[in-house]
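The file protein_23.pdb comes next; it holds PDB, C-alpha atoms.
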```pdb
ATOM      1  CA  LEU C  19      11.331 -43.578  22.286
ATOM      2  CA  ALA C  20      10.321 -43.270  18.641
ATOM      3  CA  CYS C  21      13.484 -41.638  17.278
ATOM      4  CA  ASP C  22      12.029 -41.405  13.795
ATOM      5  CA  ALA C  23       9.224 -39.188  15.125
ATOM      6  CA  LEU C  24      11.606 -36.680  16.720
ATOM      7  CA  PRO C  25      12.438 -33.495  14.834
ATOM      8  CA  ASP C  26      16.195 -33.129  14.276
ATOM      9  CA  SER C  27      16.327 -30.113  16.581
ATOM     10  CA  ILE C  28      15.256 -32.021  19.697
ATOM     11  CA  GLN C  29      16.734 -35.497  19.184
ATOM     12  CA  ALA C  30      19.690 -34.962  21.541
ATOM     13  CA  ARG C  31      17.518 -33.376  24.266
ATOM     14  CA  GLU C  32      14.974 -36.218  24.128
ATOM     15  CA  ILE C  33      17.656 -38.913  24.376
ATOM     16  CA  PHE C  34      20.209 -37.320  26.718
ATOM     17  CA  GLY C  35      18.210 -34.592  28.461
ATOM     18  CA  SER C  36      19.317 -30.983  28.934
ATOM     19  CA  VAL C  37      20.279 -28.523  31.634
ATOM     20  CA  ALA C  38      18.150 -25.486  32.463
ATOM     21  CA  GLY C  39      18.288 -22.652  29.970
ATOM     22  CA  VAL C  40      19.526 -24.648  26.960
ATOM     23  CA  SER C  41      16.316 -24.021  25.045
ATOM     24  CA  SER C  42      13.688 -21.322  25.291
ATOM     25  CA  ALA C  43      11.078 -24.003  24.567
ATOM     26  CA  THR C  44      12.119 -25.958  27.667
ATOM     27  CA  PRO C  45      13.649 -23.439  30.113
ATOM     28  CA  ASP C  46      13.872 -25.980  32.972
ATOM     29  CA  ALA C  47      16.244 -28.919  33.179
ATOM     30  CA  GLN C  48      14.890 -31.923  31.325
ATOM     31  CA  ASP C  49      15.612 -35.614  31.815
ATOM     32  CA  GLY C  50      16.134 -37.506  28.597
ATOM     33  CA  ALA C  51      15.236 -41.121  27.920
ATOM     34  CA  LEU C  52      18.590 -42.369  29.216
ATOM     35  CA  GLY C  53      18.167 -40.592  32.541
ATOM     36  CA  ARG C  54      14.507 -41.521  32.972
ATOM     37  CA  ALA C  55      15.271 -45.200  32.415
ATOM     38  CA  ASP C  56      17.683 -45.262  35.359
ATOM     39  CA  ALA C  57      18.430 -48.988  35.854
ATOM     40  CA  GLY C  58      15.621 -50.086  33.505
ATOM     41  CA  THR C  59      15.460 -50.423  29.746
ATOM     42  CA  VAL C  60      15.374 -47.803  26.998
ATOM     43  CA  TYR C  61      13.682 -48.973  23.811
ATOM     44  CA  LEU C  62      14.816 -46.885  20.831
ATOM     45  CA  GLU C  63      12.723 -47.343  17.713
ATOM     46  CA  GLY C  64      13.841 -45.957  14.366
ATOM     47  CA  LEU C  65      17.449 -45.396  15.414
ATOM     48  CA  GLU C  66      18.532 -45.341  11.769
ATOM     49  CA  ARG C  67      16.739 -41.998  11.360
ATOM     50  CA  LEU C  68      18.763 -40.173  14.014
ATOM     51  CA  ARG C  69      21.108 -37.409  12.922
ATOM     52  CA  ALA C  70      24.620 -38.819  12.497
ATOM     53  CA  ASP C  71      26.095 -36.718  15.332
ATOM     54  CA  VAL C  72      23.373 -37.813  17.775
ATOM     55  CA  ALA C  73      23.821 -41.470  16.774
ATOM     56  CA  GLU C  74      27.593 -41.176  17.290
ATOM     57  CA  THR C  75      27.105 -39.574  20.713
ATOM     58  CA  LEU C  76      24.678 -42.338  21.661
ATOM     59  CA  ALA C  77      27.105 -45.052  20.528
ATOM     60  CA  ARG C  78      29.869 -43.402  22.564
ATOM     61  CA  ALA C  79      27.573 -43.185  25.612
ATOM     62  CA  VAL C  80      26.726 -46.870  25.346
ATOM     63  CA  ALA C  81      30.382 -47.840  24.910
ATOM     64  CA  GLU C  82      31.578 -45.689  27.837
ATOM     65  CA  ARG C  83      28.449 -46.343  29.965
ATOM     66  CA  ARG C  84      28.240 -42.589  30.617
ATOM     67  CA  PHE C  85      26.267 -39.792  28.961
ATOM     68  CA  ARG C  86      26.113 -36.032  29.161
ATOM     69  CA  ARG C  87      22.946 -33.941  29.067
ATOM     70  CA  VAL C  88      22.891 -31.184  26.444
ATOM     71  CA  GLY C  89      24.646 -28.143  27.886
ATOM     72  CA  ASP C  90      26.150 -30.053  30.826
ATOM     73  CA  GLU C  91      29.877 -30.341  31.502
ATOM     74  CA  ALA C  92      29.528 -33.315  33.840
ATOM     75  CA  SER C  93      28.585 -36.792  32.703
ATOM     76  CA  ALA C  94      26.207 -39.191  34.395
ATOM     77  CA  PRO C  95      26.412 -42.968  34.596
ATOM     78  CA  LEU C  96      24.376 -44.903  32.064
ATOM     79  CA  SER C  97      22.828 -47.790  33.949
ATOM     80  CA  ALA C  98      19.978 -48.585  31.543
ATOM     81  CA  ARG C  99      19.900 -51.419  29.076
ATOM     82  CA  ILE C 100      19.471 -50.183  25.489
ATOM     83  CA  VAL C 101      17.204 -52.044  23.086
ATOM     84  CA  VAL C 102      17.314 -50.780  19.520
ATOM     85  CA  ALA C 103      14.779 -51.494  16.810
ATOM     86  CA  ALA C 104      15.979 -50.664  13.311
ATOM     87  CA  GLU C 105      13.607 -51.115  10.435
ATOM     88  CA  SER C 106      15.147 -50.803   7.012
ATOM     89  CA  ARG C 107      18.859 -50.692   7.632
ATOM     90  CA  PRO C 108      20.809 -52.642  10.215
ATOM     91  CA  ALA C 109      21.606 -50.700  13.379
ATOM     92  CA  THR C 110      25.202 -51.947  13.334
ATOM     93  CA  PRO C 111      26.725 -48.841  11.639
ATOM     94  CA  PHE C 112      25.075 -46.647  14.263
ATOM     95  CA  LEU C 113      26.409 -48.749  17.123
ATOM     96  CA  GLY C 114      30.006 -48.596  15.953
ATOM     97  CA  GLY C 115      32.191 -51.090  17.777
ATOM     98  CA  VAL C 116      29.820 -51.390  20.731
ATOM     99  CA  PRO C 117      29.236 -55.058  21.579
ATOM    100  CA  HIS C 118      25.635 -55.952  20.843
ATOM    101  CA  HIS C 119      23.287 -58.764  19.918
ATOM    102  CA  ALA C 120      21.319 -58.498  16.691
ATOM    103  CA  ILE C 121      17.954 -60.181  16.312
ATOM    104  CA  GLU C 122      16.392 -60.125  12.878
ATOM    105  CA  LEU C 123      12.635 -60.488  12.646
ATOM    106  CA  ALA C 124      10.939 -61.744   9.537
ATOM    107  CA  PRO C 125       8.567 -59.262   7.860
ATOM    108  CA  LEU C 126       4.978 -59.312   9.085
ATOM    109  CA  ALA C 127       3.857 -60.808   5.769
ATOM    110  CA  GLU C 128       5.889 -63.914   6.668
ATOM    111  CA  ARG C 129       4.433 -64.076  10.202
ATOM    112  CA  ARG C 130       0.699 -64.266   9.458
ATOM    113  CA  GLU C 131       0.053 -65.870  12.851
ATOM    114  CA  ASP C 132       1.105 -62.602  14.534
ATOM    115  CA  ILE C 133      -1.281 -60.327  12.625
ATOM    116  CA  LEU C 134      -4.510 -60.884  14.577
ATOM    117  CA  PRO C 135      -2.926 -60.757  18.064
ATOM    118  CA  LEU C 136      -1.078 -57.567  17.101
ATOM    119  CA  ALA C 137      -4.261 -56.123  15.604
ATOM    120  CA  ALA C 138      -6.139 -56.836  18.848
ATOM    121  CA  HIS C 139      -3.391 -55.137  20.847
ATOM    122  CA  PHE C 140      -3.416 -52.054  18.596
ATOM    123  CA  LEU C 141      -7.221 -51.962  18.707
ATOM    124  CA  ALA C 142      -7.206 -51.870  22.521
ATOM    125  CA  ALA C 143      -4.458 -49.223  22.638
ATOM    126  CA  SER C 144      -6.101 -47.019  19.988
ATOM    127  CA  ALA C 145      -9.536 -47.302  21.578
ATOM    128  CA  GLU C 146      -8.112 -46.302  24.949
ATOM    129  CA  GLU C 147      -6.252 -43.403  23.320
ATOM    130  CA  ILE C 148      -9.428 -41.889  21.887
ATOM    131  CA  GLY C 149     -11.681 -42.918  24.775
ATOM    132  CA  VAL C 150     -13.954 -45.574  23.300
ATOM    133  CA  VAL C 151     -14.614 -49.155  24.361
ATOM    134  CA  PRO C 152     -13.084 -51.572  21.836
ATOM    135  CA  VAL C 153     -15.677 -53.863  20.273
ATOM    136  CA  GLY C 154     -13.459 -56.006  18.060
ATOM    137  CA  PHE C 155     -13.155 -56.874  14.401
ATOM    138  CA  THR C 156     -15.866 -58.199  12.141
ATOM    139  CA  SER C 157     -15.133 -61.481  10.341
ATOM    140  CA  ASP C 158     -14.589 -59.598   7.062
ATOM    141  CA  ALA C 159     -12.103 -57.306   8.833
ATOM    142  CA  ARG C 160     -10.157 -60.293  10.192
ATOM    143  CA  ALA C 161     -10.038 -61.786   6.685
ATOM    144  CA  PHE C 162      -8.900 -58.415   5.306
ATOM    145  CA  LEU C 163      -6.121 -58.166   7.926
ATOM    146  CA  LEU C 164      -4.819 -61.613   7.025
ATOM    147  CA  ALA C 165      -4.975 -60.956   3.267
ATOM    148  CA  GLU C 166      -3.038 -57.661   3.309
ATOM    149  CA  PRO C 167       0.676 -57.790   2.354
ATOM    150  CA  TRP C 168       1.657 -55.284   5.124
ATOM    151  CA  ASP C 169       4.598 -53.812   3.241
ATOM    152  CA  GLY C 170       4.946 -51.255   6.034
ATOM    153  CA  ASN C 171       5.069 -54.042   8.605
ATOM    154  CA  ILE C 172       3.819 -53.417  12.126
ATOM    155  CA  ARG C 173       3.885 -49.635  11.757
ATOM    156  CA  GLU C 174       1.434 -49.817   8.861
ATOM    157  CA  LEU C 175      -0.809 -52.235  10.787
ATOM    158  CA  ARG C 176      -0.789 -49.982  13.863
ATOM    159  CA  GLN C 177      -1.572 -46.835  11.854
ATOM    160  CA  ARG C 178      -4.306 -48.501   9.820
ATOM    161  CA  ILE C 179      -6.035 -49.766  12.972
ATOM    162  CA  ARG C 180      -5.663 -46.407  14.723
ATOM    163  CA  GLN C 181      -7.419 -44.697  11.827
ATOM    164  CA  ALA C 182     -10.068 -47.434  11.528
ATOM    165  CA  VAL C 183     -10.933 -46.973  15.218
ATOM    166  CA  ARG C 184     -11.530 -43.279  14.550
ATOM    167  CA  LEU C 185     -13.667 -44.080  11.510
ATOM    168  CA  SER C 186     -15.718 -46.673  13.375
ATOM    169  CA  SER C 187     -16.595 -44.318  16.258
ATOM    170  CA  GLY C 188     -16.561 -47.078  18.834
ATOM    171  CA  GLY C 189     -18.275 -49.779  16.779
ATOM    172  CA  ALA C 190     -16.769 -52.995  15.501
ATOM    173  CA  ILE C 191     -13.954 -52.486  13.013
ATOM    174  CA  THR C 192     -15.048 -53.505   9.504
ATOM    175  CA  ALA C 193     -13.028 -54.280   6.396
ATOM    176  CA  GLU C 194     -14.380 -51.055   4.889
ATOM    177  CA  ALA C 195     -12.989 -49.008   7.789
ATOM    178  CA  LEU C 196      -9.606 -50.692   7.392
ATOM    179  CA  LEU C 197      -9.657 -50.082   3.640
ATOM    180  CA  LEU C 198     -10.604 -46.412   4.054
ATOM    181  CA  ALA C 199      -7.895 -46.021   6.675
ATOM    182  CA  GLY C 200      -5.344 -47.023   4.025
ATOM    183  CA  ASP C 201      -2.398 -45.085   2.703
ATOM    184  CA  GLY C 202      -1.459 -41.711   4.068
ATOM    185  CA  ASP C 203      -1.991 -39.970   7.378
ATOM    186  CA  GLU C 204      -5.345 -38.396   6.596
ATOM    187  CA  ILE C 205      -8.676 -40.126   6.972
ATOM    188  CA  PRO C 206     -10.565 -39.545   3.719
ATOM    189  CA  SER C 207     -13.228 -36.854   3.699
ATOM    190  CA  PHE C 208     -16.664 -37.448   2.257
TER
END
```
Here is a file; write its structure as structure tokens.
Amino acid sequence: LACDALPDSIQAREIFGSVAGVSSATPDAQDGALGRADAGTVYLEGLERLRADVAETLARAVAERRFRRVGDEASAPLSARIVVAAESRPATPFLGGVPHHAIELAPLAERREDILPLAAHFLAASAEEIGVVPVGFTSDARAFLLAEPWDGNIRELRQRIRQAVRLSSGGAITAEALLLAGDGDEIPSF
């Protein structure tokens, strides 16, 4: 669950779920990520961008191994494992005193050997998303990928490739497509 992509107004509903009638936008009961995971794993990305009250409720749910859907009086058992990915700030303040293991990954710029395999993965996912057959990267595109500093880490790499796939219309991804797919969310207009 990409917490950083959730508007503040729906963060609690997406994580914990809600009972019927809590929101006019979702009149039926809704399972949140914790309920859907059941005995599996919930991967929370961008936890540091959650509202403070939602983060505190999540930390309490993890500590007590129980959570409550929005609008519900009863709590449900939390049987899922929680994996948290925090980007810029450590997740520790958001986890409170909950026992946890922290794993720090070096920035992508320090892990050059990961760039091309990640790029290939994002190419396949993006091509499937828009319904084209992935062709691959040209040699100049591979050189470009390895030369970039990737200040935005994996998120920047993923977004740049997603946009380059759209620009390439199903052909091989070139360095020019990656360059044009640069900063910002909009593909440049000609």
>> Excluding C:Leu163 and its own-chain neighbours fewer than 2 positions away, which residues fall within 9 Å of it when counting all atoms listed in the file? Please give them as JSON, numbers by chain.
In response: {"C": [133, 134, 137, 158, 159, 160, 161, 165, 166, 167, 168, 175, 193, 196]}
Residues in the PyMOL selection byres ((chain C and resi 184) around 10), expressed as an mmCIF file with C-alpha atoms, in the frame of the given file:
```cif
data_model
loop_
_atom_site.group_PDB
_atom_site.id
_atom_site.type_symbol
_atom_site.label_atom_id
_atom_site.label_comp_id
_atom_site.auth_asym_id
_atom_site.auth_seq_id
_atom_site.Cartn_x
_atom_site.Cartn_y
_atom_site.Cartn_z
ATOM 1 C CA SER C 144 -6.101 -47.019 19.988
ATOM 2 C CA ALA C 145 -9.536 -47.302 21.578
ATOM 3 C CA ILE C 148 -9.428 -41.889 21.887
ATOM 4 C CA VAL C 150 -13.954 -45.574 23.300
ATOM 5 C CA ILE C 179 -6.035 -49.766 12.972
ATOM 6 C CA ARG C 180 -5.663 -46.407 14.723
ATOM 7 C CA GLN C 181 -7.419 -44.697 11.827
ATOM 8 C CA ALA C 182 -10.068 -47.434 11.528
ATOM 9 C CA VAL C 183 -10.933 -46.973 15.218
ATOM 10 C CA LEU C 185 -13.667 -44.080 11.510
ATOM 11 C CA SER C 186 -15.718 -46.673 13.375
ATOM 12 C CA SER C 187 -16.595 -44.318 16.258
ATOM 13 C CA GLY C 188 -16.561 -47.078 18.834
ATOM 14 C CA GLY C 189 -18.275 -49.779 16.779
ATOM 15 C CA ILE C 191 -13.954 -52.486 13.013
ATOM 16 C CA ALA C 195 -12.989 -49.008 7.789
ATOM 17 C CA ALA C 199 -7.895 -46.021 6.675
ATOM 18 C CA ILE C 205 -8.676 -40.126 6.972
#
```
> In Å, with one decimal, what is the gap from atom CA of C:His119 to atom CA of C:Asp132?
Replying inline: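 Atom CA of C:Asp132 lies 23.1 Å from atom CA of C:His119.
Interatomic distance, atom CA of C:Gly200 to atom CA of C:Glu174: 8.8 Å.
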>> Set the distance at 10 Å and use only C-alpha atoms: which residues neighbour stretch 81-98 of chain C once local chain neighbours fewer than 3 positions away are removed? I'd like the list as a ChimeraX atom specification.
In response: /C:30-41,47-61,75-78,101,113-117
Preceding selection exported with C-alpha atoms as a PDB file, keeping the file's coordinate frame:
```pdb
ATOM      1  CA  ALA C  30      19.690 -34.962  21.541  1.00  0.00           C
ATOM      2  CA  ARG C  31      17.518 -33.376  24.266  1.00  0.00           C
ATOM      3  CA  GLU C  32      14.974 -36.218  24.128  1.00  0.00           C
ATOM      4  CA  ILE C  33      17.656 -38.913  24.376  1.00  0.00           C
ATOM      5  CA  PHE C  34      20.209 -37.320  26.718  1.00  0.00           C
ATOM      6  CA  GLY C  35      18.210 -34.592  28.461  1.00  0.00           C
ATOM      7  CA  SER C  36      19.317 -30.983  28.934  1.00  0.00           C
ATOM      8  CA  VAL C  37      20.279 -28.523  31.634  1.00  0.00           C
ATOM      9  CA  ALA C  38      18.150 -25.486  32.463  1.00  0.00           C
ATOM     10  CA  GLY C  39      18.288 -22.652  29.970  1.00  0.00           C
ATOM     11  CA  VAL C  40      19.526 -24.648  26.960  1.00  0.00           C
ATOM     12  CA  SER C  41      16.316 -24.021  25.045  1.00  0.00           C
ATOM     13  CA  ALA C  47      16.244 -28.919  33.179  1.00  0.00           C
ATOM     14  CA  GLN C  48      14.890 -31.923  31.325  1.00  0.00           C
ATOM     15  CA  ASP C  49      15.612 -35.614  31.815  1.00  0.00           C
ATOM     16  CA  GLY C  50      16.134 -37.506  28.597  1.00  0.00           C
ATOM     17  CA  ALA C  51      15.236 -41.121  27.920  1.00  0.00           C
ATOM     18  CA  LEU C  52      18.590 -42.369  29.216  1.00  0.00           C
ATOM     19  CA  GLY C  53      18.167 -40.592  32.541  1.00  0.00           C
ATOM     20  CA  ARG C  54      14.507 -41.521  32.972  1.00  0.00           C
ATOM     21  CA  ALA C  55      15.271 -45.200  32.415  1.00  0.00           C
ATOM     22  CA  ASP C  56      17.683 -45.262  35.359  1.00  0.00           C
ATOM     23  CA  ALA C  57      18.430 -48.988  35.854  1.00  0.00           C
ATOM     24  CA  GLY C  58      15.621 -50.086  33.505  1.00  0.00           C
ATOM     25  CA  THR C  59      15.460 -50.423  29.746  1.00  0.00           C
ATOM     26  CA  VAL C  60      15.374 -47.803  26.998  1.00  0.00           C
ATOM     27  CA  TYR C  61      13.682 -48.973  23.811  1.00  0.00           C
ATOM     28  CA  THR C  75      27.105 -39.574  20.713  1.00  0.00           C
ATOM     29  CA  LEU C  76      24.678 -42.338  21.661  1.00  0.00           C
ATOM     30  CA  ALA C  77      27.105 -45.052  20.528  1.00  0.00           C
ATOM     31  CA  ARG C  78      29.869 -43.402  22.564  1.00  0.00           C
ATOM     32  CA  VAL C 101      17.204 -52.044  23.086  1.00  0.00           C
ATOM     33  CA  LEU C 113      26.409 -48.749  17.123  1.00  0.00           C
ATOM     34  CA  GLY C 114      30.006 -48.596  15.953  1.00  0.00           C
ATOM     35  CA  GLY C 115      32.191 -51.090  17.777  1.00  0.00           C
ATOM     36  CA  VAL C 116      29.820 -51.390  20.731  1.00  0.00           C
ATOM     37  CA  PRO C 117      29.236 -55.058  21.579  1.00  0.00           C
TER      38      PRO C 117
END
```
>> I'd like the interatomic distance between atom CA of C:Ile100 and atom CA of C:Ile28, to a tenth of an Å.
In response: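 These two atoms are separated by 19.5 Å.
Residue nearest C:Arg69, chosen from C:Pro25, C:Ser42, C:Ala20, C:Ala103 and counting all atoms listed in the file: C:Pro25.
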>> Show me the residues around (-0.1, -60.5, 17.2) - criterion: an atom at most 12 Å away, only C-alpha atoms counted - as a PyMOL selection string.
In response: chain C and resi 126+129-141+163-164+171-172+175-176
Rebuild N, CA, C and O atoms on stretch 162-175 of chain C, as an mmCIF file, in the frame of the given file?
```cif
data_model
loop_
_atom_site.group_PDB
_atom_site.id
_atom_site.type_symbol
_atom_site.label_atom_id
_atom_site.label_comp_id
_atom_site.auth_asym_id
_atom_site.auth_seq_id
_atom_site.Cartn_x
_atom_site.Cartn_y
_atom_site.Cartn_z
ATOM 1 N N PHE C 162 -9.640 -59.494 5.961
ATOM 2 C CA PHE C 162 -8.900 -58.415 5.306
ATOM 3 C C PHE C 162 -7.499 -58.285 5.911
ATOM 4 O O PHE C 162 -6.510 -58.163 5.187
ATOM 5 N N LEU C 163 -7.415 -58.297 7.247
ATOM 6 C CA LEU C 163 -6.121 -58.166 7.926
ATOM 7 C C LEU C 163 -5.164 -59.277 7.506
ATOM 8 O O LEU C 163 -3.980 -59.029 7.271
ATOM 9 N N LEU C 164 -5.673 -60.485 7.392
ATOM 10 C CA LEU C 164 -4.819 -61.613 7.025
ATOM 11 C C LEU C 164 -4.440 -61.607 5.545
ATOM 12 O O LEU C 164 -3.415 -62.162 5.164
ATOM 13 N N ALA C 165 -5.238 -60.976 4.707
ATOM 14 C CA ALA C 165 -4.975 -60.956 3.267
ATOM 15 C C ALA C 165 -4.013 -59.841 2.855
ATOM 16 O O ALA C 165 -3.392 -59.934 1.793
ATOM 17 N N GLU C 166 -3.888 -58.796 3.660
ATOM 18 C CA GLU C 166 -3.038 -57.661 3.309
ATOM 19 C C GLU C 166 -1.553 -58.057 3.284
ATOM 20 O O GLU C 166 -1.118 -58.877 4.092
ATOM 21 N N PRO C 167 -0.748 -57.466 2.396
ATOM 22 C CA PRO C 167 0.676 -57.790 2.354
ATOM 23 C C PRO C 167 1.497 -57.111 3.458
ATOM 24 O O PRO C 167 2.583 -57.543 3.774
ATOM 25 N N TRP C 168 0.995 -56.029 4.043
ATOM 26 C CA TRP C 168 1.657 -55.284 5.124
ATOM 27 C C TRP C 168 3.109 -54.940 4.782
ATOM 28 O O TRP C 168 4.030 -55.282 5.512
ATOM 29 N N ASP C 169 3.262 -54.257 3.652
ATOM 30 C CA ASP C 169 4.598 -53.812 3.241
ATOM 31 C C ASP C 169 5.241 -52.900 4.275
ATOM 32 O O ASP C 169 6.458 -52.875 4.412
ATOM 33 N N GLY C 170 4.430 -52.147 4.996
ATOM 34 C CA GLY C 170 4.946 -51.255 6.034
ATOM 35 C C GLY C 170 5.098 -51.936 7.376
ATOM 36 O O GLY C 170 5.358 -51.294 8.394
ATOM 37 N N ASN C 171 4.926 -53.241 7.407
ATOM 38 C CA ASN C 171 5.069 -54.042 8.605
ATOM 39 C C ASN C 171 4.163 -53.577 9.736
ATOM 40 O O ASN C 171 3.056 -53.116 9.506
ATOM 41 N N ILE C 172 4.642 -53.694 10.950
ATOM 42 C CA ILE C 172 3.819 -53.417 12.126
ATOM 43 C C ILE C 172 3.413 -51.951 12.189
ATOM 44 O O ILE C 172 2.314 -51.631 12.635
ATOM 45 N N ARG C 173 4.253 -51.058 11.737
ATOM 46 C CA ARG C 173 3.885 -49.635 11.757
ATOM 47 C C ARG C 173 2.648 -49.378 10.907
ATOM 48 O O ARG C 173 1.765 -48.619 11.282
ATOM 49 N N GLU C 174 2.595 -49.988 9.731
ATOM 50 C CA GLU C 174 1.434 -49.817 8.861
ATOM 51 C C GLU C 174 0.192 -50.416 9.515
ATOM 52 O O GLU C 174 -0.884 -49.808 9.503
ATOM 53 N N LEU C 175 0.320 -51.592 10.104
ATOM 54 C CA LEU C 175 -0.809 -52.235 10.787
ATOM 55 C C LEU C 175 -1.312 -51.347 11.926
ATOM 56 O O LEU C 175 -2.514 -51.109 12.053
#
```
